[in-house]
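Q: For reference, the structure I am asking about is given below.
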Amino acid sequence: MPECLFCGIVAGEVPATKVLEGDRTVAFRDVNPQAPTHVLVIPRDHYPDAAALAAVGGLLDEVVTQAHQVAVKEGIDDSGYRMVFNTGREGGQTVGHVHLHLLGGRPMTWPPG
């Protein structure tokens with residue numbers, strides 16, 4: 001998708017601080033962090049939302065697995081972390097490329113927003 005910010009990151013056309021890369025996934029730091037650790041995990045290919053991602057064999061698993069690998073790498077796996085998919089405008093999704101938010105490094109409150 002030529003106008004997609006996250007596709008631009010995958011293509012190396014938009015700078016990002018990458019944390020971890022897989023064959024079908026990329027993890028990078030959020031530019032507006034909401035926690036000491038705030039990393040986005042995305043599929044390399046463009047899918048608009050979590051429902052579209054779930055329809056692709058094993059890719060949702062890879063995104064979640066990579067998020068856990070980042071949590072281990074960041075040292076927040078023992079203290080706890082949150083994984084969030086925002087879907088749709090009213091769900092808080094601001095970029096139309098599915099992405100998992102990995103948040104940690106501080107206590108998480110509930111409800112989140």
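Quick note on naming: the chains in the structure tokens go A, B, ... in the order shown, residues restart at 1 in each chain, and ligands are numbered from 1 in order of appearance.
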Quick one: everything within 8 Å of region 12-26 of chain A, counting only C-alpha atoms, minus sequence neighbours fewer than 4 positions away in the same chain. Send it as a PDB file with C-alpha atoms, in the first residue's frame.

A:
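Printed below is part_24.pdb as written:
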```pdb
ATOM      1  CA  LEU A   5       2.941   4.482   7.044  1.00  0.00           C
ATOM      2  CA  GLY A   8       6.787   2.436   4.431  1.00  0.00           C
ATOM      3  CA  VAL A  39       6.589  -1.490  20.847  1.00  0.00           C
ATOM      4  CA  VAL A  41       4.450  -5.539  16.155  1.00  0.00           C
ATOM      5  CA  ILE A  42       3.170  -5.670  12.574  1.00  0.00           C
ATOM      6  CA  PRO A  43       2.994  -8.147   9.732  1.00  0.00           C
ATOM      7  CA  ARG A  44       5.248  -7.243   6.810  1.00  0.00           C
ATOM      8  CA  ASP A  45       2.304  -7.601   4.432  1.00  0.00           C
ATOM      9  CA  LEU A  59       0.297 -15.051  11.121  1.00  0.00           C
ATOM     10  CA  GLU A  62       3.614 -15.068  14.804  1.00  0.00           C
ATOM     11  CA  VAL A  63       2.658 -11.505  15.758  1.00  0.00           C
ATOM     12  CA  GLN A  66       7.108 -11.891  18.438  1.00  0.00           C
ATOM     13  CA  VAL A  70      10.185  -8.477  22.609  1.00  0.00           C
TER      14      VAL A  70
END
```

Q: Mind checking which residues fall within 12 Å of Thr94 (chain A), counting only C-alpha atoms, ignoring those fewer than 3 positions away in the same chain, and posting them as a PyMOL selection string?

A: chain A and resi 4-6+48-49+85-91+97-99

Q: Those selected residues, please, written with N, CA and C atoms and delivered as an mmCIF file, in the first residue's frame.

A:
```
data_model
loop_
_atom_site.group_PDB
_atom_site.id
_atom_site.type_symbol
_atom_site.label_atom_id
_atom_site.label_comp_id
_atom_site.auth_asym_id
_atom_site.auth_seq_id
_atom_site.Cartn_x
_atom_site.Cartn_y
_atom_site.Cartn_z
ATOM 1 N N CYS A 4 0.573 3.812 3.017
ATOM 2 C CA CYS A 4 0.531 3.251 4.372
ATOM 3 C C CYS A 4 1.852 3.510 5.091
ATOM 4 N N LEU A 5 1.759 4.178 6.239
ATOM 5 C CA LEU A 5 2.941 4.482 7.044
ATOM 6 C C LEU A 5 3.714 3.218 7.413
ATOM 7 N N PHE A 6 3.015 2.199 7.859
ATOM 8 C CA PHE A 6 3.700 0.994 8.311
ATOM 9 C C PHE A 6 4.293 0.203 7.151
ATOM 10 N N PRO A 48 -5.598 -4.798 6.960
ATOM 11 C CA PRO A 48 -6.178 -3.610 7.572
ATOM 12 C C PRO A 48 -6.490 -3.722 9.059
ATOM 13 N N ASP A 49 -6.794 -4.922 9.538
ATOM 14 C CA ASP A 49 -7.192 -5.046 10.941
ATOM 15 C C ASP A 49 -6.964 -6.475 11.431
ATOM 16 N N PHE A 85 -4.760 -4.873 20.354
ATOM 17 C CA PHE A 85 -5.083 -4.570 18.964
ATOM 18 C C PHE A 85 -6.234 -3.564 18.998
ATOM 19 N N ASN A 86 -6.050 -2.383 18.440
ATOM 20 C CA ASN A 86 -7.152 -1.440 18.246
ATOM 21 C C ASN A 86 -7.700 -1.697 16.851
ATOM 22 N N THR A 87 -9.021 -1.783 16.732
ATOM 23 C CA THR A 87 -9.628 -2.084 15.441
ATOM 24 C C THR A 87 -10.718 -1.065 15.134
ATOM 25 N N GLY A 88 -10.569 -0.384 14.022
ATOM 26 C CA GLY A 88 -11.544 0.611 13.594
ATOM 27 C C GLY A 88 -11.363 1.946 14.290
ATOM 28 N N ARG A 89 -11.957 2.969 13.708
ATOM 29 C CA ARG A 89 -11.817 4.332 14.219
ATOM 30 C C ARG A 89 -12.273 4.443 15.672
ATOM 31 N N GLU A 90 -13.453 3.918 15.976
ATOM 32 C CA GLU A 90 -13.962 4.020 17.342
ATOM 33 C C GLU A 90 -13.211 3.108 18.309
ATOM 34 N N GLY A 91 -12.497 2.144 17.782
ATOM 35 C CA GLY A 91 -11.666 1.284 18.614
ATOM 36 C C GLY A 91 -10.284 1.867 18.857
ATOM 37 N N HIS A 97 -3.129 -0.332 9.120
ATOM 38 C CA HIS A 97 -2.303 -1.532 8.953
ATOM 39 C C HIS A 97 -2.304 -2.180 10.328
ATOM 40 N N VAL A 98 -2.816 -3.398 10.419
ATOM 41 C CA VAL A 98 -2.957 -4.030 11.728
ATOM 42 C C VAL A 98 -1.647 -3.974 12.502
ATOM 43 N N HIS A 99 -1.753 -3.681 13.797
ATOM 44 C CA HIS A 99 -0.569 -3.638 14.649
ATOM 45 C C HIS A 99 -0.948 -3.968 16.088
#
```

Q: Using only C-alpha atoms, which residue out of A:His46, A:Leu102, A:Ala54, A:Pro112 lies closest to Gln69 (chain A)?

A: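 Ranking A:His46, A:Leu102, A:Ala54, A:Pro112 by distance to Gln69 (chain A), first place goes to A:Leu102.
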
Q: Just want the 10 Å neighbourhood of Ile76 (chain A), counted on only C-alpha atoms, with same-chain residues fewer than 6 positions away dropped. Output as an MDAnalysis selection string.

A: chainID A and resid 37 68 70 103:106

Q: Using only C-alpha atoms, can you tell me which of A:Leu60, A:Cys7, A:Ala67, A:Ala52 comes closest to Arg29 (chain A)?

A: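 The shortest atom-to-atom distance to Arg29 (chain A) comes from A:Ala67.
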